[in-house]
Every structure is written in C-alpha cells, then in structure tokens.
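Pasting query_27.txt here (compact mmCIF, N, CA and C atoms):
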# COMPACT_ATOMS: atom_id res chain seq x y z
N MET A 639 -18.67 67.89 20.19
CA MET A 639 -18.13 66.57 20.39
C MET A 639 -19.29 65.61 20.65
N SER A 640 -19.38 64.57 19.83
CA SER A 640 -20.44 63.60 20.02
C SER A 640 -19.95 62.46 20.91
N LEU A 641 -20.84 61.90 21.69
CA LEU A 641 -20.48 60.82 22.59
C LEU A 641 -20.67 59.49 21.87
N THR A 642 -19.57 58.89 21.48
CA THR A 642 -19.60 57.56 20.88
C THR A 642 -18.89 56.61 21.83
N ALA A 643 -18.84 55.36 21.44
CA ALA A 643 -18.18 54.36 22.30
C ALA A 643 -16.69 54.63 22.42
N ASP A 644 -16.10 55.30 21.42
CA ASP A 644 -14.66 55.58 21.46
C ASP A 644 -14.29 56.59 22.53
N ASN A 645 -15.05 57.65 22.64
CA ASN A 645 -14.69 58.71 23.59
C ASN A 645 -15.63 58.81 24.78
N LEU A 646 -16.38 57.76 25.04
CA LEU A 646 -17.30 57.78 26.18
C LEU A 646 -16.54 57.82 27.49
N ASP A 647 -15.40 57.15 27.55
CA ASP A 647 -14.60 57.14 28.77
C ASP A 647 -13.99 58.51 29.03
N LEU A 648 -13.68 59.25 27.98
CA LEU A 648 -13.07 60.57 28.14
C LEU A 648 -14.07 61.59 28.68
N ALA A 649 -15.35 61.39 28.41
CA ALA A 649 -16.37 62.33 28.84
C ALA A 649 -17.06 61.88 30.13
N ALA A 650 -16.46 60.93 30.84
CA ALA A 650 -17.09 60.41 32.06
C ALA A 650 -17.10 61.45 33.15
N VAL A 651 -18.24 61.58 33.81
CA VAL A 651 -18.40 62.51 34.93
C VAL A 651 -18.76 61.67 36.16
N PRO A 652 -18.10 61.92 37.28
CA PRO A 652 -18.42 61.14 38.48
C PRO A 652 -19.88 61.31 38.89
N PHE A 653 -20.49 60.22 39.32
CA PHE A 653 -21.89 60.24 39.75
C PHE A 653 -22.02 60.76 41.17
N GLY A 654 -20.94 60.67 41.94
CA GLY A 654 -20.98 61.10 43.32
C GLY A 654 -21.51 60.02 44.26
N GLN A 655 -21.69 58.84 43.74
CA GLN A 655 -22.18 57.73 44.55
C GLN A 655 -21.19 56.57 44.37
N THR A 656 -20.70 56.05 45.50
CA THR A 656 -19.68 55.00 45.42
C THR A 656 -20.30 53.63 45.63
N ASP A 657 -19.59 52.66 45.10
CA ASP A 657 -19.98 51.26 45.28
C ASP A 657 -19.64 50.85 46.71
N PRO A 658 -20.56 50.26 47.44
CA PRO A 658 -20.28 49.93 48.84
C PRO A 658 -19.26 48.80 49.00
N LEU A 659 -19.10 47.96 47.99
CA LEU A 659 -18.19 46.83 48.13
C LEU A 659 -16.75 47.19 47.78
N PHE A 660 -16.53 47.88 46.66
CA PHE A 660 -15.18 48.19 46.21
C PHE A 660 -14.80 49.66 46.40
N GLY A 661 -15.74 50.51 46.69
CA GLY A 661 -15.45 51.91 46.94
C GLY A 661 -15.18 52.74 45.69
N LYS A 662 -15.51 52.23 44.53
CA LYS A 662 -15.33 52.98 43.29
C LYS A 662 -16.62 53.73 42.96
N ASP A 663 -16.45 54.83 42.25
CA ASP A 663 -17.60 55.60 41.81
C ASP A 663 -18.38 54.80 40.78
N VAL A 664 -19.68 54.99 40.73
CA VAL A 664 -20.54 54.25 39.81
C VAL A 664 -20.17 54.55 38.36
N ALA A 665 -19.66 55.71 38.08
CA ALA A 665 -19.26 56.07 36.72
C ALA A 665 -18.17 55.16 36.19
N PHE A 666 -17.33 54.63 37.06
CA PHE A 666 -16.29 53.69 36.62
C PHE A 666 -16.92 52.47 35.95
N TYR A 667 -17.98 51.94 36.55
CA TYR A 667 -18.62 50.75 36.01
C TYR A 667 -19.38 51.03 34.71
N LEU A 668 -19.80 52.26 34.51
CA LEU A 668 -20.54 52.61 33.30
C LEU A 668 -19.65 53.05 32.15
N PHE A 669 -18.52 53.68 32.45
CA PHE A 669 -17.69 54.25 31.40
C PHE A 669 -16.34 53.55 31.23
N SER A 670 -15.60 53.32 32.29
CA SER A 670 -14.24 52.80 32.18
C SER A 670 -14.17 51.29 32.09
N LEU A 671 -14.93 50.60 32.91
CA LEU A 671 -14.85 49.14 32.96
C LEU A 671 -15.16 48.46 31.62
N PRO A 672 -16.17 48.90 30.86
CA PRO A 672 -16.40 48.26 29.55
C PRO A 672 -15.22 48.41 28.59
N ILE A 673 -14.52 49.53 28.67
CA ILE A 673 -13.36 49.72 27.79
C ILE A 673 -12.21 48.82 28.22
N TYR A 674 -11.99 48.67 29.53
CA TYR A 674 -10.97 47.75 30.03
C TYR A 674 -11.30 46.31 29.65
N THR A 675 -12.56 45.95 29.75
CA THR A 675 -12.98 44.60 29.39
C THR A 675 -12.77 44.33 27.91
N LEU A 676 -13.08 45.31 27.08
CA LEU A 676 -12.86 45.18 25.65
C LEU A 676 -11.38 45.01 25.34
N GLY A 677 -10.54 45.79 25.99
CA GLY A 677 -9.09 45.69 25.77
C GLY A 677 -8.55 44.33 26.17
N LEU A 678 -8.98 43.82 27.31
CA LEU A 678 -8.53 42.50 27.75
C LEU A 678 -9.03 41.40 26.82
N GLY A 679 -10.23 41.56 26.31
CA GLY A 679 -10.76 40.58 25.35
C GLY A 679 -9.95 40.56 24.07
N LEU A 680 -9.56 41.73 23.59
CA LEU A 680 -8.73 41.80 22.38
C LEU A 680 -7.37 41.17 22.60
N ILE A 681 -6.79 41.39 23.78
CA ILE A 681 -5.50 40.79 24.10
C ILE A 681 -5.62 39.26 24.15
N ARG A 682 -6.70 38.75 24.74
CA ARG A 682 -6.90 37.30 24.79
C ARG A 682 -7.05 36.72 23.39
N ILE A 683 -7.76 37.41 22.52
CA ILE A 683 -7.93 36.93 21.15
C ILE A 683 -6.59 36.91 20.43
N LEU A 684 -5.77 37.94 20.60
CA LEU A 684 -4.46 37.98 19.96
C LEU A 684 -3.56 36.86 20.46
N ILE A 685 -3.59 36.57 21.74
CA ILE A 685 -2.78 35.49 22.28
C ILE A 685 -3.24 34.15 21.73
N LEU A 686 -4.54 33.92 21.68
CA LEU A 686 -5.07 32.67 21.16
C LEU A 686 -4.74 32.49 19.67
N LEU A 687 -4.89 33.55 18.89
CA LEU A 687 -4.56 33.47 17.47
C LEU A 687 -3.08 33.21 17.25
N SER A 688 -2.22 33.86 18.02
CA SER A 688 -0.78 33.63 17.86
C SER A 688 -0.41 32.21 18.25
N LEU A 689 -1.06 31.65 19.26
CA LEU A 689 -0.82 30.26 19.64
C LEU A 689 -1.23 29.31 18.53
N ILE A 690 -2.38 29.55 17.93
CA ILE A 690 -2.86 28.69 16.84
C ILE A 690 -1.95 28.81 15.63
N ILE A 691 -1.53 30.02 15.28
CA ILE A 691 -0.67 30.22 14.11
C ILE A 691 0.70 29.59 14.34
N CYS A 692 1.27 29.76 15.53
CA CYS A 692 2.58 29.16 15.82
C CYS A 692 2.51 27.64 15.77
N THR A 693 1.44 27.07 16.31
CA THR A 693 1.29 25.62 16.26
C THR A 693 1.19 25.13 14.82
N ALA A 694 0.42 25.83 14.00
CA ALA A 694 0.27 25.45 12.60
C ALA A 694 1.60 25.53 11.86
N VAL A 695 2.38 26.58 12.13
CA VAL A 695 3.69 26.73 11.47
C VAL A 695 4.62 25.60 11.88
N TYR A 696 4.66 25.27 13.15
CA TYR A 696 5.53 24.18 13.61
C TYR A 696 5.12 22.85 13.01
N VAL A 697 3.81 22.59 12.92
CA VAL A 697 3.35 21.33 12.34
C VAL A 697 3.66 21.27 10.85
N LEU A 698 3.42 22.36 10.12
CA LEU A 698 3.66 22.36 8.68
C LEU A 698 5.14 22.28 8.33
N ARG A 699 6.00 22.84 9.17
CA ARG A 699 7.45 22.76 8.92
C ARG A 699 8.02 21.40 9.32
N GLY A 700 7.25 20.64 10.09
CA GLY A 700 7.73 19.34 10.52
C GLY A 700 8.52 19.40 11.82
N SER A 701 8.57 20.54 12.45
CA SER A 701 9.29 20.66 13.70
C SER A 701 8.53 20.04 14.86
N LEU A 702 7.24 19.90 14.70
CA LEU A 702 6.39 19.30 15.73
C LEU A 702 5.65 18.14 15.11
N SER A 703 5.99 16.94 15.52
CA SER A 703 5.37 15.75 14.97
C SER A 703 4.21 15.34 15.87
N LEU A 704 3.02 15.46 15.35
CA LEU A 704 1.85 15.11 16.15
C LEU A 704 1.75 13.61 16.38
N SER A 705 2.20 12.82 15.43
CA SER A 705 2.14 11.37 15.63
C SER A 705 3.06 10.94 16.75
N ALA A 706 4.23 11.57 16.86
CA ALA A 706 5.13 11.24 17.96
C ALA A 706 4.55 11.71 19.29
N LEU A 707 3.90 12.85 19.28
CA LEU A 707 3.31 13.37 20.50
C LEU A 707 2.16 12.50 20.98
N PHE A 708 1.28 12.08 20.05
CA PHE A 708 0.15 11.23 20.43
C PHE A 708 0.64 9.85 20.86
N GLY A 709 1.68 9.33 20.21
CA GLY A 709 2.21 8.04 20.58
C GLY A 709 2.85 8.06 21.96
N LYS A 710 3.44 9.18 22.33
CA LYS A 710 4.09 9.31 23.63
C LYS A 710 3.09 9.18 24.77
N PHE A 711 1.92 9.71 24.59
CA PHE A 711 0.91 9.68 25.64
C PHE A 711 -0.05 8.50 25.50
N GLY A 712 0.15 7.66 24.50
CA GLY A 712 -0.69 6.47 24.34
C GLY A 712 -2.06 6.76 23.75
N PHE A 713 -2.20 7.88 23.07
CA PHE A 713 -3.50 8.21 22.47
C PHE A 713 -3.82 7.31 21.29
N ASP A 714 -2.79 6.79 20.61
CA ASP A 714 -3.05 5.96 19.45
C ASP A 714 -3.77 4.67 19.84
N ARG A 715 -3.39 4.06 20.95
CA ARG A 715 -4.07 2.85 21.40
C ARG A 715 -5.49 3.16 21.86
N LEU A 716 -5.66 4.30 22.51
CA LEU A 716 -7.00 4.68 22.96
C LEU A 716 -7.92 4.92 21.78
N ILE A 717 -7.42 5.59 20.76
CA ILE A 717 -8.24 5.89 19.59
C ILE A 717 -8.57 4.61 18.83
N GLU A 718 -7.60 3.68 18.74
CA GLU A 718 -7.87 2.41 18.07
C GLU A 718 -8.93 1.61 18.82
N LYS A 719 -8.89 1.63 20.14
CA LYS A 719 -9.88 0.90 20.91
C LYS A 719 -11.27 1.48 20.73
N LEU A 720 -11.34 2.78 20.55
CA LEU A 720 -12.64 3.41 20.35
C LEU A 720 -13.16 3.20 18.93
N GLY A 721 -12.27 2.75 18.03
CA GLY A 721 -12.68 2.49 16.66
C GLY A 721 -12.92 3.74 15.86
N SER A 722 -12.24 4.82 16.19
CA SER A 722 -12.44 6.09 15.52
C SER A 722 -11.63 6.15 14.23
N PRO A 723 -12.12 6.85 13.24
CA PRO A 723 -11.32 7.03 12.02
C PRO A 723 -10.09 7.90 12.26
N LEU A 724 -9.99 8.52 13.45
CA LEU A 724 -8.80 9.32 13.75
C LEU A 724 -7.57 8.46 13.94
N ALA A 725 -7.73 7.15 14.10
CA ALA A 725 -6.59 6.26 14.28
C ALA A 725 -5.66 6.33 13.07
N LYS A 726 -6.23 6.47 11.88
CA LYS A 726 -5.40 6.59 10.68
C LYS A 726 -4.66 7.91 10.65
N LEU A 727 -5.30 8.98 11.14
CA LEU A 727 -4.65 10.28 11.14
C LEU A 727 -3.49 10.35 12.12
N VAL A 728 -3.59 9.64 13.22
CA VAL A 728 -2.53 9.68 14.23
C VAL A 728 -1.26 9.01 13.70
N LYS A 729 -1.42 7.99 12.87
CA LYS A 729 -0.27 7.24 12.38
C LYS A 729 0.36 7.86 11.13
N ILE A 730 -0.18 8.93 10.61
CA ILE A 730 0.37 9.58 9.42
C ILE A 730 1.69 10.24 9.78
N LYS A 731 2.72 9.96 9.02
CA LYS A 731 4.03 10.58 9.21
C LYS A 731 4.17 11.74 8.23
N LEU A 732 4.65 12.86 8.71
CA LEU A 732 4.88 13.99 7.82
C LEU A 732 6.18 13.80 7.08
N PRO A 733 6.22 14.12 5.79
CA PRO A 733 7.48 13.97 5.03
C PRO A 733 8.51 15.00 5.51
N ASP A 734 9.75 14.56 5.59
CA ASP A 734 10.83 15.46 6.03
C ASP A 734 11.40 16.25 4.87

Structure translated into structure tokens:
Amino acid sequence: MSLTADNLDLAAVPFGQTDPLFGKDVAFYLFSLPIYTLGLGLIRILILLSLIICTAVYVLRGSLSLSALFGKFGFDRLIEKLGSPLAKLVKIKLPD
C-alpha cells in the first residue's frame, strides 16, 4: 500500500504527543485536518457555484429583474451621478 494524499488519513499513527491548547494528538494536524479542510473547501465551492447558477437562471428566465432591484435601492441615481456607463445597463428591461 502506497501512501498518497487519498489514503494518508487511513494510515495515520498517533505521535504520542498532544497539543497543549486543544489536547489533540499532533497526528490529527498532520493527517486528518488537511482532509477536513479540503472537504469544507469543496463544499464552499459547491455552494457558491449553485448560488451563481441559480441567480443566472432566475435572471435569464426573467423571474428576477435586476433593474427593478437596483431601482428599489436607488442605485440607478448613484450610478448616474458617478457618470458610469453602468447607468445604461441598469435601465435595460428584460423582454417578457
């Protein structure tokens, strides 16, 4: 059995020395914690991608009108005062 990143956690052996602050064995920080961190990072990426995809679907279907949303918060006046070319984009109406 070769030790790769996939099965490194399975072959972890306790070091016999604990962390003075949290009381965990040092092997946890070398073998288990990187895998937990990787898993949480993948979950965060999936959540962010699903949020972006759902927003794009709602905007493309016309269920979410960005011009109405920006107008509600007064962003259109702010953008016009700044003289940004985004002022034209805010006023674009999506066809129904």

Å distance separating CA of Ser703 in chain A from CA of Ile685 in chain A, one decimal place: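 Distance reported for this atom pair: 22.6 Å.
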
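CA of Phe669 in chain A lies 11.1 Å from CA of Phe653 in chain A.
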
Residues of range 653-694 of chain A in helix (DSSP H, G or I), written as an MDAnalysis selection string: chainID A and resid 664:694

Can I get the selection written as a PDB file, keeping the file's coordinate frame, with N, CA and C atoms?
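Below is the file that was written, out.pdb:
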ATOM      1  N   VAL A 664     -19.680  54.990  40.730  1.00  0.00           N
ATOM      2  CA  VAL A 664     -20.540  54.250  39.810  1.00  0.00           C
ATOM      3  C   VAL A 664     -20.170  54.550  38.360  1.00  0.00           C
ATOM      4  N   ALA A 665     -19.660  55.710  38.080  1.00  0.00           N
ATOM      5  CA  ALA A 665     -19.260  56.070  36.720  1.00  0.00           C
ATOM      6  C   ALA A 665     -18.170  55.160  36.190  1.00  0.00           C
ATOM      7  N   PHE A 666     -17.330  54.630  37.060  1.00  0.00           N
ATOM      8  CA  PHE A 666     -16.290  53.690  36.620  1.00  0.00           C
ATOM      9  C   PHE A 666     -16.920  52.470  35.950  1.00  0.00           C
ATOM     10  N   TYR A 667     -17.980  51.940  36.550  1.00  0.00           N
ATOM     11  CA  TYR A 667     -18.620  50.750  36.010  1.00  0.00           C
ATOM     12  C   TYR A 667     -19.380  51.030  34.710  1.00  0.00           C
ATOM     13  N   LEU A 668     -19.800  52.260  34.510  1.00  0.00           N
ATOM     14  CA  LEU A 668     -20.540  52.610  33.300  1.00  0.00           C
ATOM     15  C   LEU A 668     -19.650  53.050  32.150  1.00  0.00           C
ATOM     16  N   PHE A 669     -18.520  53.680  32.450  1.00  0.00           N
ATOM     17  CA  PHE A 669     -17.690  54.250  31.400  1.00  0.00           C
ATOM     18  C   PHE A 669     -16.340  53.550  31.230  1.00  0.00           C
ATOM     19  N   SER A 670     -15.600  53.320  32.290  1.00  0.00           N
ATOM     20  CA  SER A 670     -14.240  52.800  32.180  1.00  0.00           C
ATOM     21  C   SER A 670     -14.170  51.290  32.090  1.00  0.00           C
ATOM     22  N   LEU A 671     -14.930  50.600  32.910  1.00  0.00           N
ATOM     23  CA  LEU A 671     -14.850  49.140  32.960  1.00  0.00           C
ATOM     24  C   LEU A 671     -15.160  48.460  31.620  1.00  0.00           C
ATOM     25  N   PRO A 672     -16.170  48.900  30.860  1.00  0.00           N
ATOM     26  CA  PRO A 672     -16.400  48.260  29.550  1.00  0.00           C
ATOM     27  C   PRO A 672     -15.220  48.410  28.590  1.00  0.00           C
ATOM     28  N   ILE A 673     -14.520  49.530  28.670  1.00  0.00           N
ATOM     29  CA  ILE A 673     -13.360  49.720  27.790  1.00  0.00           C
ATOM     30  C   ILE A 673     -12.210  48.820  28.220  1.00  0.00           C
ATOM     31  N   TYR A 674     -11.990  48.670  29.530  1.00  0.00           N
ATOM     32  CA  TYR A 674     -10.970  47.750  30.030  1.00  0.00           C
ATOM     33  C   TYR A 674     -11.300  46.310  29.650  1.00  0.00           C
ATOM     34  N   THR A 675     -12.560  45.950  29.750  1.00  0.00           N
ATOM     35  CA  THR A 675     -12.980  44.600  29.390  1.00  0.00           C
ATOM     36  C   THR A 675     -12.770  44.330  27.910  1.00  0.00           C
ATOM     37  N   LEU A 676     -13.080  45.310  27.080  1.00  0.00           N
ATOM     38  CA  LEU A 676     -12.860  45.180  25.650  1.00  0.00           C
ATOM     39  C   LEU A 676     -11.380  45.010  25.340  1.00  0.00           C
ATOM     40  N   GLY A 677     -10.540  45.790  25.990  1.00  0.00           N
ATOM     41  CA  GLY A 677      -9.090  45.690  25.770  1.00  0.00           C
ATOM     42  C   GLY A 677      -8.550  44.330  26.170  1.00  0.00           C
ATOM     43  N   LEU A 678      -8.980  43.820  27.310  1.00  0.00           N
ATOM     44  CA  LEU A 678      -8.530  42.500  27.750  1.00  0.00           C
ATOM     45  C   LEU A 678      -9.030  41.400  26.820  1.00  0.00           C
ATOM     46  N   GLY A 679     -10.230  41.560  26.310  1.00  0.00           N
ATOM     47  CA  GLY A 679     -10.760  40.580  25.350  1.00  0.00           C
ATOM     48  C   GLY A 679      -9.950  40.560  24.070  1.00  0.00           C
ATOM     49  N   LEU A 680      -9.560  41.730  23.590  1.00  0.00           N
ATOM     50  CA  LEU A 680      -8.730  41.800  22.380  1.00  0.00           C
ATOM     51  C   LEU A 680      -7.370  41.170  22.600  1.00  0.00           C
ATOM     52  N   ILE A 681      -6.790  41.390  23.780  1.00  0.00           N
ATOM     53  CA  ILE A 681      -5.500  40.790  24.100  1.00  0.00           C
ATOM     54  C   ILE A 681      -5.620  39.260  24.150  1.00  0.00           C
ATOM     55  N   ARG A 682      -6.700  38.750  24.740  1.00  0.00           N
ATOM     56  CA  ARG A 682      -6.900  37.300  24.790  1.00  0.00           C
ATOM     57  C   ARG A 682      -7.050  36.720  23.390  1.00  0.00           C
ATOM     58  N   ILE A 683      -7.760  37.410  22.520  1.00  0.00           N
ATOM     59  CA  ILE A 683      -7.930  36.930  21.150  1.00  0.00           C
ATOM     60  C   ILE A 683      -6.590  36.910  20.430  1.00  0.00           C
ATOM     61  N   LEU A 684      -5.770  37.940  20.600  1.00  0.00           N
ATOM     62  CA  LEU A 684      -4.460  37.980  19.960  1.00  0.00           C
ATOM     63  C   LEU A 684      -3.560  36.860  20.460  1.00  0.00           C
ATOM     64  N   ILE A 685      -3.590  36.570  21.740  1.00  0.00           N
ATOM     65  CA  ILE A 685      -2.780  35.490  22.280  1.00  0.00           C
ATOM     66  C   ILE A 685      -3.240  34.150  21.730  1.00  0.00           C
ATOM     67  N   LEU A 686      -4.540  33.920  21.680  1.00  0.00           N
ATOM     68  CA  LEU A 686      -5.070  32.670  21.160  1.00  0.00           C
ATOM     69  C   LEU A 686      -4.740  32.490  19.670  1.00  0.00           C
ATOM     70  N   LEU A 687      -4.890  33.550  18.890  1.00  0.00           N
ATOM     71  CA  LEU A 687      -4.560  33.470  17.470  1.00  0.00           C
ATOM     72  C   LEU A 687      -3.080  33.210  17.250  1.00  0.00           C
ATOM     73  N   SER A 688      -2.220  33.860  18.020  1.00  0.00           N
ATOM     74  CA  SER A 688      -0.780  33.630  17.860  1.00  0.00           C
ATOM     75  C   SER A 688      -0.410  32.210  18.250  1.00  0.00           C
ATOM     76  N   LEU A 689      -1.060  31.650  19.260  1.00  0.00           N
ATOM     77  CA  LEU A 689      -0.820  30.260  19.640  1.00  0.00           C
ATOM     78  C   LEU A 689      -1.230  29.310  18.530  1.00  0.00           C
ATOM     79  N   ILE A 690      -2.380  29.550  17.930  1.00  0.00           N
ATOM     80  CA  ILE A 690      -2.860  28.690  16.840  1.00  0.00           C
ATOM     81  C   ILE A 690      -1.950  28.810  15.630  1.00  0.00           C
ATOM     82  N   ILE A 691      -1.530  30.020  15.280  1.00  0.00           N
ATOM     83  CA  ILE A 691      -0.670  30.220  14.110  1.00  0.00           C
ATOM     84  C   ILE A 691       0.700  29.590  14.340  1.00  0.00           C
ATOM     85  N   CYS A 692       1.270  29.760  15.530  1.00  0.00           N
ATOM     86  CA  CYS A 692       2.580  29.160  15.820  1.00  0.00           C
ATOM     87  C   CYS A 692       2.510  27.640  15.770  1.00  0.00           C
ATOM     88  N   THR A 693       1.440  27.070  16.310  1.00  0.00           N
ATOM     89  CA  THR A 693       1.290  25.620  16.260  1.00  0.00           C
ATOM     90  C   THR A 693       1.190  25.130  14.820  1.00  0.00           C
ATOM     91  N   ALA A 694       0.420  25.830  14.000  1.00  0.00           N
ATOM     92  CA  ALA A 694       0.270  25.450  12.600  1.00  0.00           C
ATOM     93  C   ALA A 694       1.600  25.530  11.860  1.00  0.00           C
TER      94      ALA A 694
END

Between CA of Tyr674 in chain A and CA of Phe660 in chain A, distance in Å (one decimal):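 Separating CA of Tyr674 in chain A from CA of Phe660 in chain A is a distance of 16.7 Å.
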